[in-house]
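run.txt follows (compact mmCIF, C-alpha atoms):
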```txt
# COMPACT_ATOMS: atom_id res chain seq x y z
CA MET A 1 271.96 282.80 22.95
CA SER A 2 272.30 279.11 23.48
CA THR A 3 274.92 277.42 25.59
CA ILE A 4 275.82 274.80 23.00
CA SER A 5 279.26 274.71 21.48
CA GLU A 6 280.01 276.83 18.46
CA GLY A 7 280.45 275.53 14.95
CA ALA A 8 278.94 272.78 12.88
CA PRO A 9 277.67 269.65 14.60
CA LEU A 10 280.02 266.66 14.56
CA ARG A 11 279.52 263.95 11.98
CA THR A 12 277.40 261.28 13.64
CA THR A 13 277.99 257.55 13.74
CA PRO A 14 275.67 255.88 11.23
CA GLY A 15 273.39 252.99 12.10
CA GLN A 16 273.73 249.44 10.82
CA THR A 17 271.26 246.58 10.74
CA VAL A 18 270.66 244.69 13.98
CA GLY A 19 271.21 241.56 11.87
CA PRO A 20 269.86 238.05 12.46
CA PHE A 21 271.84 237.18 15.59
CA PHE A 22 270.77 239.73 18.19
CA HIS A 23 268.76 237.23 20.19
CA TYR A 24 271.48 236.44 22.69
CA GLY A 25 272.66 240.07 22.90
CA LEU A 26 269.59 242.24 23.34
CA PRO A 27 266.65 240.29 24.82
CA TYR A 28 266.70 239.72 28.57
CA ASP A 29 264.42 238.22 31.19
CA GLY A 30 261.45 240.47 31.76
CA ASP A 31 262.28 242.72 28.81
CA ARG A 32 258.68 242.93 27.58
CA ASP A 33 256.98 243.16 30.95
CA LEU A 34 257.08 246.80 32.04
CA VAL A 35 254.61 245.66 34.67
CA PRO A 36 253.81 242.07 35.66
CA PRO A 37 251.07 240.68 33.38
CA GLY A 38 247.75 240.70 35.19
CA SER A 39 248.80 243.28 37.78
CA ALA A 40 246.61 246.28 38.56
CA GLY A 41 246.28 248.52 35.51
CA ALA A 42 248.27 246.20 33.25
CA VAL A 43 247.31 246.17 29.58
CA ARG A 44 248.63 244.16 26.69
CA LEU A 45 250.21 246.09 23.82
CA THR A 46 250.63 243.74 20.89
CA GLY A 47 250.90 243.76 17.12
CA LEU A 48 252.37 242.23 14.01
CA VAL A 49 255.50 243.47 12.29
CA THR A 50 255.03 242.72 8.58
CA ASP A 51 257.04 243.15 5.39
CA GLY A 52 256.00 244.36 1.93
CA ALA A 53 254.48 240.97 1.13
CA GLY A 54 252.41 241.00 4.30
CA ASN A 55 254.49 238.33 6.00
CA GLY A 56 255.33 238.59 9.68
CA LEU A 57 258.99 239.17 10.59
CA PRO A 58 260.27 236.47 12.96
CA ASP A 59 263.47 238.44 13.55
CA ALA A 60 262.35 241.95 14.44
CA LEU A 61 262.83 243.76 17.73
CA VAL A 62 260.43 246.41 19.05
CA GLU A 63 261.15 248.86 21.88
CA VAL A 64 258.70 251.14 23.66
CA TRP A 65 259.40 254.23 25.75
CA GLN A 66 256.48 255.91 27.45
CA THR A 67 255.06 258.13 30.14
CA ARG A 68 253.33 256.87 33.25
CA PRO A 69 249.50 256.94 33.29
CA ASP A 70 249.70 260.38 34.95
CA GLY A 71 251.75 261.71 32.02
CA SER A 72 255.03 262.02 33.88
CA VAL A 73 258.31 260.80 32.38
CA PRO A 74 259.91 257.90 34.30
CA ARG A 75 263.47 258.63 35.45
CA GLU A 76 264.01 255.38 37.31
CA PRO A 77 266.65 252.81 36.33
CA GLY A 78 265.87 249.13 36.52
CA SER A 79 264.55 248.16 33.08
CA LEU A 80 267.14 245.37 32.77
CA ARG A 81 266.57 243.94 36.23
CA ARG A 82 262.96 244.62 37.01
CA ASP A 83 261.88 244.54 40.64
CA GLY A 84 258.16 244.23 39.88
CA TRP A 85 257.37 247.58 41.52
CA THR A 86 259.29 250.27 39.65
CA PHE A 87 257.78 251.55 36.41
CA THR A 88 260.73 252.48 34.18
CA GLY A 89 258.77 253.26 31.00
CA PHE A 90 261.06 251.16 28.78
CA GLY A 91 260.47 247.74 27.29
CA ARG A 92 261.91 245.55 24.55
CA ALA A 93 260.22 242.65 22.75
CA SER A 94 261.54 240.39 20.01
CA THR A 95 258.91 239.08 17.61
CA GLY A 96 257.83 235.45 17.56
CA ARG A 97 257.78 233.19 14.55
CA ASP A 98 254.58 234.84 13.32
CA GLY A 99 255.99 238.36 13.59
CA ARG A 100 254.05 239.24 16.73
CA TYR A 101 255.44 241.29 19.59
CA THR A 102 253.73 241.71 22.96
CA PHE A 103 254.26 243.96 25.96
CA SER A 104 252.61 244.04 29.37
CA THR A 105 252.51 247.68 30.40
CA LEU A 106 250.49 250.61 31.72
CA GLU A 107 248.71 253.02 29.43
CA PRO A 108 250.71 256.21 28.90
CA GLY A 109 249.08 259.46 29.92
CA PRO A 110 249.19 262.83 28.14
CA THR A 111 252.10 265.02 29.17
CA GLU A 112 249.87 268.09 29.33
CA PRO A 113 246.10 268.64 29.33
CA GLY A 114 244.67 268.12 25.85
CA ALA A 115 247.77 266.38 24.47
CA ALA A 116 247.45 263.02 22.75
CA ALA A 117 249.04 260.14 24.64
CA PHE A 118 251.31 257.74 22.77
CA PHE A 119 254.03 255.13 23.05
CA ALA A 120 257.33 256.12 21.42
CA VAL A 121 258.29 253.05 19.39
CA THR A 122 261.59 251.90 17.84
CA VAL A 123 261.76 249.05 15.33
CA PHE A 124 264.84 246.97 14.42
CA ALA A 125 265.10 243.97 12.09
CA ARG A 126 267.38 241.93 9.94
CA GLY A 127 267.13 243.50 6.48
CA LEU A 128 266.43 246.92 7.95
CA THR A 129 269.64 248.93 7.63
CA ASP A 130 268.75 251.38 10.42
CA ARG A 131 266.28 251.61 13.28
CA LEU A 132 262.90 253.20 12.61
CA PHE A 133 260.99 255.47 14.97
CA THR A 134 257.23 255.72 15.13
CA ARG A 135 254.41 256.44 17.60
CA ALA A 136 251.49 254.32 18.77
CA TYR A 137 248.75 256.72 19.88
CA LEU A 138 245.95 255.73 22.24
CA PRO A 139 242.70 255.79 20.24
CA ASP A 140 240.26 257.21 22.79
CA ASP A 141 240.61 260.99 22.99
CA ALA A 142 239.30 262.18 19.61
CA ALA A 143 239.83 265.86 20.38
CA ALA A 144 243.43 265.32 21.41
CA LEU A 145 244.14 263.22 18.32
CA ALA A 146 242.57 265.87 16.09
CA ALA A 147 244.73 268.56 17.67
CA ASP A 148 247.99 266.57 17.52
CA ARG A 149 250.61 268.31 15.42
CA LEU A 150 252.02 265.15 13.85
CA LEU A 151 248.68 263.55 13.06
CA ALA A 152 247.30 266.80 11.67
CA SER A 153 250.23 266.98 9.25
CA LEU A 154 249.39 263.60 7.69
CA PRO A 155 246.77 262.58 5.13
CA ALA A 156 243.91 260.69 6.75
CA GLU A 157 244.83 257.28 5.35
CA ARG A 158 248.36 257.54 6.75
CA ARG A 159 247.25 259.02 10.08
CA SER A 160 245.42 255.81 10.96
CA THR A 161 248.67 253.81 10.82
CA LEU A 162 249.78 255.57 14.03
CA VAL A 163 246.66 254.96 16.11
CA ALA A 164 246.40 251.76 18.11
CA ARG A 165 243.05 249.98 18.35
CA ARG A 166 241.51 248.32 21.37
CA ASP A 167 240.86 244.65 21.87
CA GLY A 168 239.66 242.82 24.96
CA GLN A 169 243.13 242.78 26.55
CA GLY A 170 244.35 246.25 25.72
CA LEU A 171 245.88 247.73 22.59
CA VAL A 172 246.84 246.46 19.15
CA PHE A 173 249.42 248.28 17.04
CA ASP A 174 250.59 246.65 13.82
CA ILE A 175 253.78 247.83 12.13
CA ARG A 176 253.93 247.56 8.34
CA LEU A 177 257.42 248.22 7.09
CA GLN A 178 256.45 248.53 3.44
CA GLY A 179 253.56 248.68 0.99
CA GLU A 180 249.85 249.13 1.55
CA GLY A 181 249.15 250.72 4.90
CA GLU A 182 252.87 251.38 5.40
CA THR A 183 253.37 252.74 8.90
CA VAL A 184 254.46 256.37 9.15
CA PHE A 185 258.03 256.39 10.42
CA LEU A 186 259.49 259.50 11.95
CA ASP A 187 262.45 261.77 11.52
CA LEU A 188 262.92 263.29 14.98
CA SER A 189 266.23 264.95 14.23
CA GLY A 190 265.96 268.58 15.11
CA TYR A 191 263.22 271.04 15.86
CA ARG A 192 261.93 272.85 12.84
CA THR A 193 258.43 274.08 13.48
CA ARG A 194 258.87 275.68 16.91
CA THR A 195 261.13 278.54 17.67
CA PRO A 196 262.82 278.65 21.06
CA MET B 1 289.27 219.09 -5.60
CA ASN B 2 286.41 217.46 -3.73
CA SER B 3 287.11 219.65 -0.73
CA THR B 4 285.74 222.74 -2.55
CA PRO B 5 282.12 223.30 -1.49
CA VAL B 6 279.59 223.09 -4.31
CA PRO B 7 278.42 226.63 -5.19
CA PRO B 8 274.88 227.11 -3.94
CA SER B 9 272.53 227.53 -6.86
CA GLY B 10 270.68 230.73 -7.54
CA LEU B 11 273.05 233.08 -5.76
CA GLU B 12 274.58 235.94 -7.67
CA SER B 13 278.30 236.56 -7.88
CA GLN B 14 280.27 239.08 -5.88
CA SER B 15 280.97 241.05 -9.07
CA VAL B 16 277.24 241.62 -9.66
CA VAL B 17 276.76 242.84 -6.10
CA SER B 18 279.92 244.96 -6.20
CA ALA B 19 278.72 246.68 -9.38
CA GLU B 20 275.43 247.56 -7.66
CA ILE B 21 277.32 248.89 -4.64
CA ALA B 22 279.48 251.14 -6.82
CA ALA B 23 276.53 252.50 -8.82
CA ILE B 24 274.55 253.39 -5.70
CA GLU B 25 277.49 255.11 -4.00
CA GLN B 26 277.85 257.26 -7.08
CA ALA B 27 274.15 258.11 -7.22
CA ARG B 28 273.46 258.80 -3.53
CA GLY B 29 276.19 261.23 -2.64
CA ALA B 30 275.69 262.63 0.84
CA ALA B 31 272.08 261.48 1.29
CA PRO B 32 271.02 260.39 4.80
CA GLN B 33 272.99 257.41 6.11
CA PRO B 34 272.58 254.52 5.83
CA ALA B 35 270.34 253.95 2.78
CA LEU B 36 267.15 252.17 3.89
CA ASP B 37 266.40 251.07 0.32
CA TYR B 38 269.62 249.25 -0.48
CA PRO B 39 269.16 246.43 -3.05
CA PRO B 40 272.69 244.94 -2.69
CA TYR B 41 271.61 243.85 0.83
CA ARG B 42 269.08 241.37 -0.51
CA SER B 43 266.97 240.92 2.60
CA SER B 44 266.22 244.66 2.69
CA ALA B 45 264.03 244.33 -0.43
CA LEU B 46 260.72 243.78 1.35
CA ARG B 47 261.72 245.39 4.63
CA HIS B 48 262.55 248.99 3.82
CA PRO B 49 259.88 251.71 4.02
CA THR B 50 259.13 253.22 0.61
CA LYS B 51 258.31 256.63 2.03
CA ASP B 52 260.84 258.99 3.57
CA PRO B 53 260.68 259.36 7.34
CA HIS B 54 258.16 262.06 8.22
CA HIS B 55 259.71 264.95 10.11
CA THR B 56 258.09 265.93 13.36
CA ASP B 57 259.31 267.81 16.39
CA PRO B 58 260.02 265.58 19.37
CA GLU B 59 257.31 265.68 22.04
CA ALA B 60 257.95 265.57 25.78
CA ILE B 61 258.60 261.84 26.13
CA GLU B 62 260.93 261.92 23.12
CA ARG B 63 263.10 264.59 24.72
CA TRP B 64 264.16 261.97 27.24
CA ALA B 65 265.66 258.51 27.02
CA PRO B 66 265.29 255.51 29.30
CA CYS B 67 267.46 255.68 32.38
CA PHE B 68 269.82 252.84 33.30
CA GLY B 69 271.96 252.50 36.39
CA GLU B 70 274.19 250.33 38.52
CA ARG B 71 271.32 248.00 39.37
CA ASP B 72 270.88 247.20 35.67
CA VAL B 73 274.43 246.16 34.85
CA ASP B 74 276.95 244.01 36.70
CA PRO B 75 280.51 245.29 36.11
CA LEU B 76 281.52 241.74 35.13
CA GLU B 77 279.29 242.03 32.07
CA ALA B 78 281.91 244.27 30.44
CA ASP B 79 284.36 241.36 30.30
CA LEU B 80 283.28 238.81 27.69
CA THR B 81 286.31 236.62 28.40
CA VAL B 82 285.15 235.54 31.84
CA GLY B 83 282.18 233.48 32.87
CA GLY B 84 283.18 230.23 31.18
CA ALA B 85 285.01 227.40 32.90
CA GLY B 86 288.17 228.30 30.97
CA GLU B 87 289.72 230.92 28.72
CA PRO B 88 288.05 231.53 25.37
CA ILE B 89 290.15 230.90 22.27
CA GLY B 90 291.35 233.78 20.10
CA GLU B 91 293.01 237.16 20.26
CA ARG B 92 292.18 238.82 23.57
CA MET B 93 291.40 242.49 22.96
CA VAL B 94 290.05 245.60 24.61
CA VAL B 95 287.77 248.07 22.87
CA THR B 96 287.15 251.43 24.48
CA GLY B 97 285.96 254.81 23.39
CA ARG B 98 283.92 257.86 24.18
CA VAL B 99 280.22 258.37 23.50
CA THR B 100 279.25 261.98 22.84
CA ASP B 101 276.44 263.91 21.25
CA ASP B 102 277.07 265.84 18.06
CA ARG B 103 278.24 268.85 20.05
CA GLY B 104 280.93 266.78 21.68
CA ARG B 105 279.22 266.54 25.06
CA PRO B 106 279.76 263.20 26.82
CA VAL B 107 276.82 260.81 27.17
CA ARG B 108 277.20 259.90 30.83
CA ARG B 109 276.06 256.82 32.74
CA GLN B 110 274.20 255.37 29.79
CA LEU B 111 273.80 251.80 28.57
CA VAL B 112 276.06 250.20 25.93
CA GLU B 113 275.31 246.63 24.80
CA ILE B 114 277.44 244.50 22.45
CA TRP B 115 277.22 241.09 20.79
CA GLN B 116 279.54 239.35 18.38
CA ALA B 117 280.80 236.15 16.78
CA ASN B 118 283.65 234.18 18.33
CA ALA B 119 287.21 234.01 16.98
CA GLY B 120 286.11 231.43 14.39
CA GLY B 121 283.29 233.62 13.09
CA ARG B 122 280.50 231.66 14.78
CA TYR B 123 277.61 233.09 16.79
CA VAL B 124 275.98 231.27 19.66
CA HIS B 125 272.68 231.31 17.81
CA LYS B 126 270.52 228.48 16.56
CA ARG B 127 270.19 230.11 13.15
CA ASP B 128 273.94 230.35 12.62
CA ARG B 129 274.82 227.38 10.38
CA HIS B 130 278.42 228.35 9.66
CA PRO B 131 280.44 225.15 10.24
CA ALA B 132 283.00 226.83 12.47
CA PRO B 133 283.48 225.67 16.05
CA LEU B 134 281.52 227.04 18.97
CA ASP B 135 283.67 228.00 21.94
CA PRO B 136 282.28 226.67 25.23
CA ASN B 137 284.02 229.55 27.02
CA PHE B 138 282.64 232.36 24.91
CA THR B 139 279.07 233.54 24.48
CA GLY B 140 279.86 236.92 22.93
CA ALA B 141 277.43 239.30 24.63
CA GLY B 142 278.25 242.11 27.05
CA ARG B 143 276.99 245.32 28.61
CA CYS B 144 278.35 248.32 30.45
CA LEU B 145 277.46 251.84 31.46
CA THR B 146 279.47 254.78 30.18
CA ASP B 147 281.42 256.62 32.89
CA ASP B 148 281.13 260.27 33.86
CA ASP B 149 283.20 261.29 30.82
CA GLY B 150 281.19 259.13 28.41
CA TYR B 151 283.74 256.31 28.14
CA TYR B 152 282.84 252.64 27.73
CA ARG B 153 285.29 249.73 27.87
CA PHE B 154 284.94 246.04 27.03
CA GLN B 155 287.40 243.17 27.16
CA THR B 156 286.60 240.50 24.61
CA ILE B 157 287.98 238.20 21.89
CA LYS B 158 288.53 239.54 18.39
CA PRO B 159 285.66 238.18 16.27
CA GLY B 160 286.31 236.38 13.01
CA PRO B 161 284.75 237.10 9.62
CA TYR B 162 281.98 234.75 8.55
CA PRO B 163 280.08 233.72 5.42
CA TRP B 164 276.42 234.50 4.77
CA ARG B 165 274.01 233.85 1.95
CA ASN B 166 273.41 237.34 0.57
CA HIS B 167 275.20 236.24 -2.61
CA HIS B 168 277.70 233.59 -3.64
CA ASN B 169 280.86 233.60 -1.51
CA ALA B 170 279.61 236.52 0.60
CA TRP B 171 281.67 237.18 3.74
CA ARG B 172 281.01 239.70 6.48
CA PRO B 173 284.07 241.65 7.65
CA ALA B 174 284.78 241.00 11.33
CA HIS B 175 282.60 243.27 13.45
CA ILE B 176 281.10 243.84 16.88
CA HIS B 177 277.43 244.85 17.14
CA PHE B 178 276.84 247.88 19.38
CA SER B 179 273.56 249.14 20.86
CA LEU B 180 273.48 252.59 22.49
CA PHE B 181 271.10 254.97 24.19
CA GLY B 182 271.61 258.71 24.44
CA THR B 183 269.87 261.29 26.55
CA GLU B 184 267.04 261.74 24.04
CA PHE B 185 264.86 259.04 22.48
CA ALA B 186 265.99 259.82 18.91
CA GLN B 187 269.65 259.22 19.79
CA ARG B 188 268.96 255.49 19.93
CA LEU B 189 271.60 253.75 17.84
CA VAL B 190 272.29 250.16 16.82
CA THR B 191 275.37 249.82 14.66
CA GLN B 192 278.46 247.72 13.98
CA MET B 193 282.13 248.40 14.70
CA TYR B 194 284.74 247.16 12.24
CA PHE B 195 288.51 246.60 12.42
CA PRO B 196 290.99 248.74 10.49
CA GLY B 197 292.22 247.59 7.10
CA ASP B 198 289.81 244.70 6.60
CA PRO B 199 290.00 243.55 2.94
CA LEU B 200 286.30 242.63 3.02
CA PHE B 201 285.05 246.23 3.48
CA ALA B 202 284.48 247.00 -0.20
CA LEU B 203 282.69 243.69 -0.75
CA ASP B 204 280.20 243.95 2.10
CA PRO B 205 276.72 245.29 1.32
CA ILE B 206 275.94 245.93 4.99
CA LEU B 207 278.89 248.25 5.60
CA GLN B 208 278.38 249.77 2.14
CA SER B 209 274.73 250.56 2.92
CA VAL B 210 276.42 253.61 4.43
CA THR B 211 277.13 255.10 1.05
CA ASP B 212 279.29 258.07 2.08
CA ARG B 213 282.91 257.08 2.64
CA ARG B 214 283.35 259.59 5.46
CA ASP B 215 280.40 258.07 7.33
CA ARG B 216 281.71 254.55 6.79
CA GLU B 217 285.01 255.60 8.33
CA MET B 218 283.06 256.45 11.50
CA LEU B 219 282.37 252.72 11.86
CA VAL B 220 286.00 251.60 11.81
CA ALA B 221 287.94 251.40 15.08
CA ALA B 222 291.59 252.45 15.32
CA TYR B 223 294.32 250.22 16.68
CA ASP B 224 295.62 252.05 19.77
CA HIS B 225 298.89 250.95 21.31
CA ASP B 226 298.08 252.94 24.45
CA VAL B 227 295.06 250.67 24.94
CA THR B 228 297.08 247.54 24.23
CA THR B 229 298.49 246.06 27.45
CA HIS B 230 301.83 244.32 28.04
CA GLU B 231 301.62 240.55 27.60
CA TRP B 232 297.81 240.61 27.85
CA ALA B 233 295.54 242.13 25.20
CA THR B 234 295.54 244.21 22.02
CA GLY B 235 293.65 247.50 22.16
CA TYR B 236 291.24 249.33 19.90
CA ARG B 237 289.72 252.77 20.21
CA TRP B 238 286.28 253.54 18.81
CA ASP B 239 284.42 256.76 19.58
CA ILE B 240 280.71 257.10 18.92
CA VAL B 241 278.77 260.28 18.12
CA LEU B 242 275.01 260.17 18.67
CA GLY B 243 272.81 262.43 16.56
CA GLY B 244 269.27 263.11 17.61
CA ALA B 245 267.50 266.37 18.13
CA HIS B 246 270.57 268.45 18.99
CA GLY B 247 268.99 269.72 22.18
CA THR B 248 268.33 273.05 20.55
CA LEU B 249 264.85 273.55 21.93
CA MET B 250 264.61 275.80 24.95
CA GLU B 251 261.26 276.21 26.64
CA ASN B 252 260.28 277.72 29.93
CA GLY B 253 263.83 278.90 30.45
CA GLU B 254 265.00 275.32 30.39
CA GLY B 255 268.40 275.56 28.82
CA ASP B 256 270.31 273.16 26.69
CA ASP B 257 272.23 271.71 29.59
CA ALA B 258 269.32 271.45 31.99
```

Can you present the structure in this file as C-alpha cells?
Amino acid sequence: MSTISEGAPLRTTPGQTVGPFFHYGLPYDGDRDLVPPGSAGAVRLTGLVTDGAGNGLPDALVEVWQTRPDGSVPREPGSLRRDGWTFTGFGRASTGRDGRYTFSTLEPGPTEPGAAAFFAVTVFARGLTDRLFTRAYLPDDAAALAADRLLASLPAERRSTLVARRDGQGLVFDIRLQGEGETVFLDLSGYRTRTP
Amino acid sequence: MNSTPVPPSGLESQSVVSAEIAAIEQARGAAPQPALDYPPYRSSALRHPTKDPHHTDPEAIERWAPCFGERDVDPLEADLTVGGAGEPIGERMVVTGRVTDDRGRPVRRQLVEIWQANAGGRYVHKRDRHPAPLDPNFTGAGRCLTDDDGYYRFQTIKPGPYPWRNHHNAWRPAHIHFSLFGTEFAQRLVTQMYFPGDPLFALDPILQSVTDRRDREMLVAAYDHDVTTHEWATGYRWDIVLGGAHGTLMENGEGDDA
C-alpha cells in the first residue's frame, strides 16, 4: 500500500516553448562550467543541436544533470553561484550561432556496478513547443551499454543516437531534433516495466 | 493613411492560421499536451521530433532533480521592480501561487525563474525588433525559491502584448515565461503564464499548441483581490502542477515520501 493520496492524479500544467528571448532570463555566469575548464578531471561535453534541414539552432538551450564520477547523486546547492569547488551535477548552456553547446564537467559514473553511465539531458528551443528529455551515454563500457534497458529496447540505428563519442577533449553528443539520425527523446512519465 | 505599416509580404493571414488551429484542436482531442508537431506555429516545422517520445523507466539520476538553495538566489531577485535607478513604467503587480506535484504535494525550496516583456511589450533582447520603448528601469528577469509550502511570489510589472512574424498581424497575448524544477528530473517545466480574459488567446498558435481547452486553462492566472494590495499593486494567483514520474516506484523499502 502506497502512501500517496487517493484518487486520480491532478491535471498537470502543460509546457510552452522557451521562445526566442530567454537569453536574459535563463543563462547565468558559469552556467556551463560544472567544473572550471582545465581543472583536474575536467572534460568537455559538446555537440550540435540541429533541425530537420541539418542546420544548427542558434537559439536552443541544453541542460545536463548527472552523477559524480563515483556514481553518487549530487545533493549540493550552488549551481547558480558556483564556488569552483562544489560539484552540483547541473549545468545549462545556450547554443552559439552555429548551434553548438559546450559544457566543462566531470564524467558521470554508473550508479551501480554494471550500469551504463549517462548524462540526463533536457533540450529547449524556439519552435519547440515543449522541452525534450534524452540521455547521453558514455561510450566506453560495451557490456554495460549492451545490458542497458533503454538501449536494448531500441533498434540499433536509433540506439547510436544516445551514445556520445570521444574526441581529444572529452565527449561529443549531437542532438538532431528531426529527420535522419533523429535523436531518441524520452517519455519518463511513470514506471511501467518494474513493479514495486 | 500613411501611418498604416505596409503589410509584410509572404505572410499568411490570421484567418488561415486560425482555421488550422481549429482543425487541429478537433483532431487531437486529449492527446499529450502540448502538440510537438504544430504547423500553425511556423517555426516548429523543422524543429519537432517526428517520432513519439520513447517510454523508459527513470534511472537513479532521473529520480532526483538538481538542488538549489539560499546561496543560489538573492531574495531581491523576486522583485523585478527594483534594481533600476527609478521606478519602472506600467501596472505594478504581484503574481504568487503554489507549486505541487500531481498528487498535490508541495514542491518545497525549489527554483522558479521568470522572464518577460515590459509594459510596452518589449524584451531587453537584441533580437527583439518591436518598435516599443525599452524601460531603463526594467530588465524583466527574476528568480525565487518556493517556500516550505511550495509557494512562490514575484513583484513585477504587467507585461504588454507584442507582435511577432509567425503570420501577418500576429500578436502574442501578454505572458510571463516560467521555468521550474521539481523533485525529479522529469518534472522539469518551462511554460508561460497568461492573464485572464485576453482577447488574443484564440488567435495565438503558441497558447493553442496546447490543444485541450482544460489544459490551456491551466496556463491562465486568476485575478485575486486578496493578493492585490491597497494603493500599491494588483494581484494574480497562478498555481502550477508538475507531472513527472509520480513517485510510484518503491525499492528497498524506500517509500514515496522518502

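Closest approach to A:Leu80 among A:Leu26, A:Thr105, A:Ala117, A:Asp59: A:Leu26, based on all atoms listed in the file.
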
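For A:Glu157, the list of residues within 12 Å, based on only C-alpha atoms and with local chain neighbours fewer than 5 positions off taken out, reads Leu151, Ala152, Leu162, Val163, Glu180, Gly181, Glu182, Thr183 and Val184 of chain A.
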
**OP:** Please provide the set of residues having any atom within 7 Å of stretch 120-128 of chain A, restricted to all atoms listed in the file, with same-chain residues fewer than 2 positions apart removed, written as a list of chain:residue names.
**Re:**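 Close residues of stretch 120-128 of chain A: A:Thr17, A:Val18, A:Gly19, A:Pro20, A:Asp59, A:Ala60, A:Leu61, A:Val62, A:Glu63, A:Val64, A:Trp65, A:Gln66, A:Phe118, A:Asp130, A:Arg131, A:Leu132, A:Phe133, A:Thr134, A:Arg135, A:Ala136, B:Leu36, B:Ser43, B:Ser44, B:Arg47, B:His48.
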
Original post:
Got a sec: who's within 6 Å of B:Arg237, counting all atoms listed in the file, leaving out chain neighbours fewer than 3 positions off, as a list in words?
Top reply: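 Non-adjacent residues within range: Val95, Thr96, Gly97, Ala221, Ala222 and Asp224 of chain B.
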
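Of the residues listed (B:Asp149, B:Glu231, B:Asp239, B:Asp79), B:Asp239 shows the shortest atom-to-atom separation from B:Leu219; distances use only C-alpha atoms.
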
Original post:
Within 6 Å of chain B, which residues of chain A show up when using only C-alpha atoms, listed as an MDAnalysis selection string?
Top reply: chainID A and resid 9:10 12:16 25 51:52 75 77:78 80:81 127:129 177:178 185:191 196

Suppose we keep C-alpha atoms; can you now write the selection as a compact mmCIF listing (two decimals), in the frame of the given file?
```
# COMPACT_ATOMS: atom_id res chain seq x y z
CA PRO A 9 277.67 269.65 14.60
CA LEU A 10 280.02 266.66 14.56
CA THR A 12 277.40 261.28 13.64
CA THR A 13 277.99 257.55 13.74
CA PRO A 14 275.67 255.88 11.23
CA GLY A 15 273.39 252.99 12.10
CA GLN A 16 273.73 249.44 10.82
CA GLY A 25 272.66 240.07 22.90
CA ASP A 51 257.04 243.15 5.39
CA GLY A 52 256.00 244.36 1.93
CA ARG A 75 263.47 258.63 35.45
CA PRO A 77 266.65 252.81 36.33
CA GLY A 78 265.87 249.13 36.52
CA LEU A 80 267.14 245.37 32.77
CA ARG A 81 266.57 243.94 36.23
CA GLY A 127 267.13 243.50 6.48
CA LEU A 128 266.43 246.92 7.95
CA THR A 129 269.64 248.93 7.63
CA LEU A 177 257.42 248.22 7.09
CA GLN A 178 256.45 248.53 3.44
CA PHE A 185 258.03 256.39 10.42
CA LEU A 186 259.49 259.50 11.95
CA ASP A 187 262.45 261.77 11.52
CA LEU A 188 262.92 263.29 14.98
CA SER A 189 266.23 264.95 14.23
CA GLY A 190 265.96 268.58 15.11
CA TYR A 191 263.22 271.04 15.86
CA PRO A 196 262.82 278.65 21.06
```

Original post:
What separation in Å, quoted to one decimal, exists between atom CA of B:Thr228 and atom CA of B:Val94?
Top reply: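 Atom-to-atom, atom CA of B:Thr228 and atom CA of B:Val94 are spaced 7.3 Å apart.
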
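Atom CA of B:Leu203 to atom CA of B:Tyr223 spans 21.9 Å [interatomic distance, one decimal].
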
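The residue set within 8 Å of B:Thr234, counting only C-alpha atoms and dropping same-chain residues fewer than 6 places from it, reads B:Glu91, B:Arg92, B:Met93, B:Val94, B:His225, B:Val227, B:Thr228.
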
Original post:
For A:Ala164, which of A:Arg100, A:Arg32, A:Arg44, A:His23 is the closest residue, counting all atoms listed in the file?
Top reply: A:Arg44

**OP:** Could you give me, as an MDAnalysis selection string, the residues within 7 Å of A:Gly47, counting only C-alpha atoms and dropping anything in the same chain fewer than 6 positions from it?
**Re:** chainID A and resid 100:102 172:174

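Here the question is which of A:Pro110, A:Gly99, A:Pro69, A:Pro139 gets nearest to A:Asn55 using all atoms listed in the file, and that residue is A:Gly99.
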
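Between A:Asp33 and the candidates A:Arg11, A:Arg165, A:Arg82, A:Arg68, the tightest atom-to-atom separation, counting only C-alpha atoms, involves A:Arg82.
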
**OP:** Would you mind telling me which residue in B:Gly160, B:Gly29, B:Gln155, B:Gly150 lies nearest to B:Trp232 when using only C-alpha atoms?
**Re:**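 For B:Trp232, the nearest of the given residues is B:Gln155.
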
Original post:
When you draw a straight line from atom CA of B:Leu111 to atom CA of B:Phe138, how long is it in Å?
Top reply: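 A separation of 21.7 Å between them.
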
Extract stretch 116-124 of chain A from the preceding block and save N, CA and C atoms as a PDB file, in the first residue's frame.
```pdb
ATOM      1  N   ALA A 116      25.142   1.418 -17.031  1.00  0.00           N
ATOM      2  CA  ALA A 116      25.735   2.323 -18.020  1.00  0.00           C
ATOM      3  C   ALA A 116      25.622   3.757 -17.508  1.00  0.00           C
ATOM      4  N   ALA A 117      26.723   4.483 -17.588  1.00  0.00           N
ATOM      5  CA  ALA A 117      26.736   5.872 -17.107  1.00  0.00           C
ATOM      6  C   ALA A 117      26.252   6.807 -18.207  1.00  0.00           C
ATOM      7  N   PHE A 118      25.474   7.812 -17.813  1.00  0.00           N
ATOM      8  CA  PHE A 118      24.982   8.773 -18.809  1.00  0.00           C
ATOM      9  C   PHE A 118      24.719  10.129 -18.169  1.00  0.00           C
ATOM     10  N   PHE A 119      24.667  11.139 -19.041  1.00  0.00           N
ATOM     11  CA  PHE A 119      24.161  12.461 -18.668  1.00  0.00           C
ATOM     12  C   PHE A 119      22.657  12.476 -18.960  1.00  0.00           C
ATOM     13  N   ALA A 120      21.848  12.942 -18.028  1.00  0.00           N
ATOM     14  CA  ALA A 120      20.442  13.227 -18.316  1.00  0.00           C
ATOM     15  C   ALA A 120      20.400  14.618 -18.957  1.00  0.00           C
ATOM     16  N   VAL A 121      19.755  14.707 -20.117  1.00  0.00           N
ATOM     17  CA  VAL A 121      19.831  15.916 -20.939  1.00  0.00           C
ATOM     18  C   VAL A 121      18.419  16.452 -21.200  1.00  0.00           C
ATOM     19  N   THR A 122      18.255  17.765 -21.098  1.00  0.00           N
ATOM     20  CA  THR A 122      16.999  18.429 -21.447  1.00  0.00           C
ATOM     21  C   THR A 122      17.291  19.452 -22.536  1.00  0.00           C
ATOM     22  N   VAL A 123      16.418  19.523 -23.536  1.00  0.00           N
ATOM     23  CA  VAL A 123      16.614  20.429 -24.666  1.00  0.00           C
ATOM     24  C   VAL A 123      15.406  21.370 -24.772  1.00  0.00           C
ATOM     25  N   PHE A 124      15.697  22.660 -24.927  1.00  0.00           N
ATOM     26  CA  PHE A 124      14.668  23.683 -25.127  1.00  0.00           C
ATOM     27  C   PHE A 124      15.053  24.481 -26.378  1.00  0.00           C
TER      28      PHE A 124
END
```
